[in-house]
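Undergrad: File start.csv below, CSV, C-alpha atoms and all ligand atoms:
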```csv
chain,number,residue,atom,x,y,z
A,976,MET,CA,20.4,-11.2,-21.4
A,977,ALA,CA,18.1,-8.8,-19.4
A,978,THR,CA,15.1,-10.9,-18.4
A,979,GLU,CA,14.1,-9.3,-15.1
A,980,GLN,CA,10.3,-8.6,-14.9
A,981,THR,CA,8.2,-6.4,-12.7
A,982,PHE,CA,4.5,-6.1,-12.0
A,983,ILE,CA,3.0,-2.6,-12.7
A,984,MET,CA,-0.7,-1.8,-12.0
A,985,ILE,CA,-2.5,1.4,-13.1
A,986,LYS,CA,-4.9,2.0,-10.2
A,987,PRO,CA,-8.5,3.0,-10.7
A,988,ASP,CA,-7.8,6.7,-10.5
A,989,GLY,CA,-5.2,6.4,-13.3
A,990,VAL,CA,-7.6,4.5,-15.5
A,991,GLN,CA,-10.5,7.0,-14.9
A,992,ARG,CA,-8.2,10.0,-15.5
A,993,GLY,CA,-7.0,8.6,-18.9
A,994,LEU,CA,-3.4,8.0,-17.9
A,995,ILE,CA,-3.0,4.5,-19.3
A,996,GLY,CA,-1.2,5.7,-22.5
A,997,GLU,CA,1.0,8.1,-20.5
A,998,VAL,CA,2.1,5.3,-18.2
A,999,ILE,CA,2.7,2.8,-21.0
A,1000,GLY,CA,4.6,5.5,-23.0
A,1001,ARG,CA,7.0,6.2,-20.2
A,1002,PHE,CA,8.0,2.5,-19.7
A,1003,GLU,CA,8.2,1.9,-23.5
A,1004,LYS,CA,10.3,5.0,-24.2
A,1005,LYS,CA,12.7,4.0,-21.4
A,1006,GLY,CA,13.4,0.8,-23.2
A,1007,PHE,CA,11.3,-1.8,-21.3
A,1008,TYR,CA,9.1,-4.4,-22.9
A,1009,LEU,CA,5.4,-4.9,-22.2
A,1010,LYS,CA,5.0,-8.6,-21.8
A,1011,ALA,CA,1.4,-8.9,-20.6
A,1012,MET,CA,-1.5,-6.5,-20.0
A,1013,LYS,CA,-5.2,-6.7,-19.0
A,1014,LEU,CA,-7.9,-4.4,-17.8
A,1015,VAL,CA,-9.7,-6.0,-14.9
A,1016,ASN,CA,-12.1,-5.3,-12.1
A,1017,VAL,CA,-10.8,-7.1,-9.0
A,1018,GLU,CA,-12.8,-8.6,-6.2
A,1019,LYS,CA,-12.3,-7.4,-2.6
A,1020,SER,CA,-10.7,-10.7,-1.6
A,1021,PHE,CA,-8.2,-10.4,-4.5
A,1022,ALA,CA,-7.2,-6.9,-3.5
A,1023,GLU,CA,-6.7,-8.0,0.1
A,1024,LYS,CA,-4.4,-10.8,-1.2
A,1025,HIS,CA,-2.4,-8.4,-3.3
A,1026,TYR,CA,-1.9,-6.0,-0.3
A,1027,ALA,CA,-1.8,-8.8,2.4
A,1028,ASP,CA,1.5,-7.4,3.8
A,1029,LEU,CA,-0.3,-4.2,4.7
A,1030,SER,CA,-3.3,-5.9,6.4
A,1031,SER,CA,-2.4,-4.5,9.8
A,1032,LYS,CA,-2.2,-0.9,8.6
A,1033,PRO,CA,-4.9,1.6,9.6
A,1034,PHE,CA,-5.3,2.5,5.9
A,1035,PHE,CA,-5.8,-1.1,4.7
A,1036,GLY,CA,-9.6,-0.9,4.4
A,1037,GLY,CA,-9.5,2.3,2.5
A,1038,LEU,CA,-6.8,1.0,0.2
A,1039,VAL,CA,-8.8,-2.1,-0.7
A,1040,GLU,CA,-11.9,0.0,-1.3
A,1041,TYR,CA,-9.9,2.2,-3.6
A,1042,ILE,CA,-8.4,-0.7,-5.6
A,1043,VAL,CA,-11.9,-2.3,-6.2
A,1044,SER,CA,-13.5,1.1,-7.0
A,1045,GLY,CA,-13.0,0.6,-10.8
A,1046,PRO,CA,-11.0,-1.2,-13.3
A,1047,VAL,CA,-7.2,-1.4,-13.1
A,1048,VAL,CA,-4.6,-2.2,-15.7
A,1049,ALA,CA,-2.3,-5.0,-14.7
A,1050,MET,CA,0.9,-5.3,-16.6
A,1051,VAL,CA,4.2,-7.2,-16.7
A,1052,TRP,CA,7.2,-5.2,-17.9
A,1053,GLU,CA,10.6,-6.7,-18.7
A,1054,GLY,CA,14.1,-5.3,-19.0
A,1055,LYS,CA,17.4,-4.6,-17.3
A,1056,GLN,CA,16.9,-3.8,-13.6
A,1057,VAL,CA,13.2,-3.1,-14.4
A,1058,VAL,CA,12.1,-3.6,-10.8
A,1059,ALA,CA,14.3,-0.9,-9.2
A,1060,THR,CA,14.1,1.4,-12.3
A,1061,GLY,CA,10.3,0.9,-12.5
A,1062,ARG,CA,10.0,2.2,-8.9
A,1063,LYS,CA,12.0,5.3,-9.9
A,1064,ILE,CA,9.7,5.9,-12.8
A,1065,VAL,CA,6.7,5.5,-10.5
A,1066,GLY,CA,8.1,7.8,-7.8
A,1067,ALA,CA,7.7,8.0,-4.0
A,1068,THR,CA,4.6,6.6,-2.4
A,1069,ASN,CA,3.4,10.1,-1.2
A,1070,PRO,CA,2.9,12.0,-4.5
A,1071,LEU,CA,3.7,15.3,-2.7
A,1072,ALA,CA,7.1,13.9,-1.9
A,1073,ALA,CA,7.6,12.3,-5.3
A,1074,GLU,CA,10.1,14.1,-7.6
A,1075,PRO,CA,8.8,15.9,-10.7
A,1076,GLY,CA,9.5,13.7,-13.7
A,1077,THR,CA,8.1,10.6,-11.9
A,1078,ILE,CA,4.6,9.4,-12.6
A,1079,ARG,CA,3.3,10.2,-9.0
A,1080,GLY,CA,5.3,13.4,-9.0
A,1081,ASP,CA,3.7,14.6,-12.2
A,1082,PHE,CA,0.2,13.3,-11.9
A,1083,ALA,CA,-0.9,12.9,-8.2
A,1084,VAL,CA,-1.4,14.7,-5.0
A,1085,ASP,CA,-2.9,12.3,-2.4
A,1086,ILE,CA,-1.2,9.1,-1.1
A,1087,GLY,CA,-4.6,7.3,-1.4
A,1088,ARG,CA,-4.9,8.3,-5.1
A,1089,ASN,CA,-1.3,7.8,-6.3
A,1090,VAL,CA,-2.2,6.4,-9.8
A,1091,ILE,CA,0.1,3.4,-10.0
A,1092,HIS,CA,1.7,0.4,-8.2
A,1093,GLY,CA,5.1,-1.1,-8.9
A,1094,SER,CA,6.7,-4.2,-7.3
A,1095,ASP,CA,9.3,-3.3,-4.7
A,1096,SER,CA,11.6,-6.3,-5.1
A,1097,VAL,CA,12.4,-9.0,-7.6
A,1098,GLU,CA,10.9,-11.6,-5.2
A,1099,ASN,CA,7.7,-9.6,-4.8
A,1100,ALA,CA,7.5,-9.0,-8.5
A,1101,ARG,CA,7.6,-12.8,-9.1
A,1102,LYS,CA,4.8,-13.3,-6.5
A,1103,GLU,CA,2.7,-10.5,-7.9
A,1104,ILE,CA,3.1,-11.7,-11.5
A,1105,ALA,CA,2.0,-15.2,-10.4
A,1106,LEU,CA,-1.0,-13.8,-8.6
A,1107,TRP,CA,-2.2,-11.5,-11.4
A,1108,PHE,CA,-1.3,-13.7,-14.3
A,1109,PRO,CA,-1.9,-17.3,-13.2
A,1110,GLU,CA,-2.6,-18.1,-16.9
A,1111,GLY,CA,1.1,-17.4,-17.7
A,1112,ILE,CA,2.7,-15.0,-20.1
A,1113,ALA,CA,3.0,-15.6,-23.8
A,1114,GLU,CA,6.6,-15.2,-25.2
A,1115,TRP,CA,6.6,-12.7,-28.1
A,1116,ARG,CA,10.1,-11.3,-28.3
A,1117,SER,CA,13.1,-13.6,-28.3
A,1118,SER,CA,15.9,-11.0,-28.2
A,1119,GLN,CA,16.5,-7.4,-26.8
A,1120,HIS,CA,16.4,-4.4,-29.1
A,1121,PRO,CA,20.1,-3.9,-30.3
A,1122,TRP,CA,19.7,-0.1,-30.3
A,1123,ILE,CA,18.7,-0.2,-26.6
A,1124,TYR,CA,20.7,-3.1,-25.1
A,1125,GLU,CA,24.4,-3.7,-25.8
B,1201,LIG,P1,2.3,0.4,-4.1
B,1201,LIG,O1,2.5,-0.9,-3.3
B,1201,LIG,O2,0.9,0.8,-4.4
B,1201,LIG,O3,3.2,0.5,-5.3
B,1201,LIG,O4,2.8,1.5,-3.2
B,1201,LIG,P2,4.2,1.6,-2.3
B,1201,LIG,O5,5.0,0.4,-2.4
B,1201,LIG,O6,4.8,2.9,-2.8
B,1201,LIG,O7,3.6,1.9,-0.9
B,1201,LIG,P3,3.1,0.8,0.2
B,1201,LIG,O8,3.7,1.2,1.5
B,1201,LIG,O9,3.2,-0.6,-0.3
B,1201,LIG,O10,1.5,1.2,0.2
B,1201,LIG,C1,0.7,0.7,-0.7
B,1201,LIG,C2,-0.4,1.7,-1.0
B,1201,LIG,O11,-1.1,2.0,0.1
B,1201,LIG,C3,-1.5,3.4,0.1
B,1201,LIG,N1,-1.1,4.0,1.3
B,1201,LIG,N2,-1.8,4.8,2.0
B,1201,LIG,N3,-2.7,6.6,4.0
B,1201,LIG,C4,-1.5,6.1,4.1
B,1201,LIG,O12,-0.7,6.5,5.0
B,1201,LIG,C5,-1.1,5.2,3.0
B,1201,LIG,N4,0.1,4.6,3.0
B,1201,LIG,C6,0.1,3.9,1.9
B,1201,LIG,C7,-0.9,4.0,-1.1
B,1201,LIG,O13,-1.9,4.0,-2.2
B,1201,LIG,C8,0.2,3.1,-1.5
B,1201,LIG,O14,0.6,3.1,-2.8
```
Translate the structure described by the file into structure tokens.
TA:
Amino acid sequence: MATEQTFIMIKPDGVQRGLIGEVIGRFEKKGFYLKAMKLVNVEKSFAEKHYADLSSKPFFGGLVEYIVSGPVVAMVWEGKQVVATGRKIVGATNPLAAEPGTIRGDFAVDIGRNVIHGSDSVENARKEIALWFPEGIAEWRSSQHPWIYE
């Protein structure tokens, strides 16, 4: 049974540019399941917590300012190897290096306006889901789609 989950966030630029449907469509069409979603404005302290691992980087201040600059869409996606495959769908951090066909490769130019975040490991996905969805996630599908999963 494929139960791996990842945390995906559409950053403020993606929301302002009307890319919510595009992002959701790509994950849905691949065969992943949207398990939780909310549109939220996050506080500076929350953004700092999400990106705590990067707090010593020179771009940290600008990154936090970017994330709090408008609403973001926080989502949990589920499916077989969804963490690693989600990162492939998202594309390389620098959009100019991201392959065409990836979200960043198709829709972004600047590293500081790269549209989307995706967890980089199963362990970080677990931490990020707990941080963004402390209320928990409602179960709404008990089995995988038989035309997608063997
Ligand atoms: P994310 O966490 O947003 O999915 O991005 P990532 O794993 O691909 O990259 P990471 O190294 O974790 O960086 C987080 C975000 O910080 C911004 N960044 N700016 N100016 C810079 O050199 C720089 N490097 C990273 C990007 O918005 C990146 O997504």
Undergrad: Would you mind listing, for every residue of chain A within 9 Å of ligand LIG 1201 (chain B), the two atoms forming the shortest contact and the distance between them in Å to one decimal, using only C-alpha atoms and all ligand atoms, sorted by chain and ascending residue number, as CSV?
TA:
```
residue,atom,partner,partner_atom,distance
A:Ile983,CA,B:LIG1201,O3,8.0
A:Met984,CA,B:LIG1201,O3,8.1
A:Lys986,CA,B:LIG1201,O2,8.3
A:His1025,CA,B:LIG1201,O1,9.0
A:Tyr1026,CA,B:LIG1201,C1,7.2
A:Asp1028,CA,B:LIG1201,O9,8.1
A:Leu1029,CA,B:LIG1201,O9,7.1
A:Lys1032,CA,B:LIG1201,N4,8.2
A:Pro1033,CA,B:LIG1201,N3,7.8
A:Phe1034,CA,B:LIG1201,N3,5.2
A:Phe1035,CA,B:LIG1201,O11,7.3
A:Gly1037,CA,B:LIG1201,N2,8.1
A:Leu1038,CA,B:LIG1201,O11,5.8
A:Val1039,CA,B:LIG1201,O11,8.8
A:Tyr1041,CA,B:LIG1201,O13,8.3
A:Ile1042,CA,B:LIG1201,O13,8.7
A:Arg1062,CA,B:LIG1201,O3,7.9
A:Val1065,CA,B:LIG1201,O3,8.0
A:Gly1066,CA,B:LIG1201,O6,7.7
A:Ala1067,CA,B:LIG1201,O6,6.0
A:Thr1068,CA,B:LIG1201,O6,3.7
A:Asn1069,CA,B:LIG1201,C7,7.5
A:Asp1085,CA,B:LIG1201,O13,8.4
A:Ile1086,CA,B:LIG1201,C7,5.1
A:Gly1087,CA,B:LIG1201,O13,4.3
A:Arg1088,CA,B:LIG1201,O13,6.0
A:Asn1089,CA,B:LIG1201,O13,5.6
A:Val1090,CA,B:LIG1201,O13,8.0
A:Ile1091,CA,B:LIG1201,O2,6.2
A:His1092,CA,B:LIG1201,O3,3.3
A:Gly1093,CA,B:LIG1201,O3,4.4
A:Ser1094,CA,B:LIG1201,O3,6.2
A:Asp1095,CA,B:LIG1201,O5,6.1
```
Undergrad: Let me make sure I understand: among A:Val1057, A:Asn1016, A:Ser1118, A:Leu1009, which one has the smallest atom-to-atom distance to Ser1044 in chain A if we use all atoms listed in the file?
TA: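 Nearest candidate to Ser1044 in chain A out of A:Val1057, A:Asn1016, A:Ser1118, A:Leu1009: A:Asn1016.
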Undergrad: Could you work out how far CA of Gly1006 in chain A lies from CA of Ala1113 in chain A, giving the answer in Å with one decimal?
TA: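 Those two atoms sit 19.4 Å apart.
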Undergrad: In the coordinates of the file, take the point (14.0, -1.8, -25.2) and a cut-off of 8 Å; then, counting all atoms listed in the file, name each qualifying protein, DNA or RNA residue as a ChimeraX atom specification.
TA: /A:1003-1008,1054,1119-1120,1122-1124
Undergrad: From (-4.1, -11.5, -19.1), in the file's coordinates, out to 6 Å: which residues are reached, counting all atoms listed in the file? Answer as a PyMOL selection string.
TA: chain A and resi 1012-1013+1108
Undergrad: Once you have the residues from the selection above, write them out as a JSON list (two decimals), keeping the file's coordinate frame, restricted to C-alpha atoms.
TA:
```
[["chain", "number", "residue", "atom", "x", "y", "z"],
["A", 1012, "MET", "CA", -1.50, -6.50, -20.00],
["A", 1013, "LYS", "CA", -5.20, -6.70, -19.00],
["A", 1108, "PHE", "CA", -1.30, -13.70, -14.30]]
```
Undergrad: Quick one: of A:Val1051, A:Arg992, A:Glu979, A:Ser1020, who's nearest to Phe1082 in chain A, counting only C-alpha atoms?
TA: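 Using only C-alpha atoms, Phe1082 in chain A sits closest to A:Arg992.
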Undergrad: Missing atoms in range 1006-1021 of chain A should be modelled up to N, CA, C and O atoms and reported as a short mmCIF file (atom, residue, chain, number, x, y, z; two decimals), in the frame of the given file.
TA:
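Okay, selection15.cif is ready:
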```cif
data_model
loop_
_atom_site.label_atom_id
_atom_site.label_comp_id
_atom_site.auth_asym_id
_atom_site.auth_seq_id
_atom_site.Cartn_x
_atom_site.Cartn_y
_atom_site.Cartn_z
N GLY A 1006 12.77 1.93 -22.65
CA GLY A 1006 13.40 0.80 -23.20
C GLY A 1006 13.03 -0.54 -22.62
O GLY A 1006 13.73 -1.54 -22.74
N PHE A 1007 11.86 -0.52 -21.90
CA PHE A 1007 11.30 -1.80 -21.30
C PHE A 1007 10.29 -2.35 -22.26
O PHE A 1007 9.73 -1.65 -23.10
N TYR A 1008 10.03 -3.64 -22.05
CA TYR A 1008 9.10 -4.40 -22.90
C TYR A 1008 7.85 -4.77 -22.19
O TYR A 1008 7.91 -5.36 -21.11
N LEU A 1009 6.70 -4.45 -22.78
CA LEU A 1009 5.40 -4.90 -22.20
C LEU A 1009 5.21 -6.33 -22.57
O LEU A 1009 5.13 -6.69 -23.75
N LYS A 1010 5.13 -7.18 -21.54
CA LYS A 1010 5.00 -8.60 -21.80
C LYS A 1010 3.64 -9.17 -21.60
O LYS A 1010 3.30 -10.22 -22.13
N ALA A 1011 2.81 -8.46 -20.78
CA ALA A 1011 1.40 -8.90 -20.60
C ALA A 1011 0.64 -7.72 -20.06
O ALA A 1011 1.18 -6.85 -19.36
N MET A 1012 -0.67 -7.67 -20.41
CA MET A 1012 -1.50 -6.50 -20.00
C MET A 1012 -2.97 -6.94 -19.99
O MET A 1012 -3.42 -7.59 -20.93
N LYS A 1013 -3.71 -6.54 -18.96
CA LYS A 1013 -5.20 -6.70 -19.00
C LYS A 1013 -5.86 -5.67 -18.13
O LYS A 1013 -5.30 -5.20 -17.14
N LEU A 1014 -7.08 -5.31 -18.57
CA LEU A 1014 -7.90 -4.40 -17.80
C LEU A 1014 -8.91 -5.22 -17.03
O LEU A 1014 -9.66 -5.99 -17.62
N VAL A 1015 -8.86 -5.11 -15.71
CA VAL A 1015 -9.70 -6.00 -14.90
C VAL A 1015 -10.33 -5.25 -13.71
O VAL A 1015 -9.77 -4.30 -13.18
N ASN A 1016 -11.51 -5.73 -13.32
CA ASN A 1016 -12.10 -5.30 -12.10
C ASN A 1016 -11.82 -6.41 -11.06
O ASN A 1016 -12.16 -7.57 -11.30
N VAL A 1017 -11.14 -6.07 -9.98
CA VAL A 1017 -10.80 -7.10 -9.00
C VAL A 1017 -11.77 -7.19 -7.87
O VAL A 1017 -12.37 -6.19 -7.48
N GLU A 1018 -11.92 -8.39 -7.34
CA GLU A 1018 -12.80 -8.60 -6.20
C GLU A 1018 -12.03 -8.13 -4.92
O GLU A 1018 -10.79 -8.08 -4.89
N LYS A 1019 -12.84 -7.85 -3.86
CA LYS A 1019 -12.30 -7.40 -2.60
C LYS A 1019 -11.22 -8.41 -2.08
O LYS A 1019 -10.13 -8.04 -1.65
N SER A 1020 -11.57 -9.70 -2.13
CA SER A 1020 -10.70 -10.70 -1.60
C SER A 1020 -9.34 -10.76 -2.37
O SER A 1020 -8.28 -11.02 -1.80
N PHE A 1021 -9.41 -10.46 -3.67
CA PHE A 1021 -8.20 -10.40 -4.50
C PHE A 1021 -7.31 -9.24 -4.11
O PHE A 1021 -6.09 -9.36 -3.95
#
```
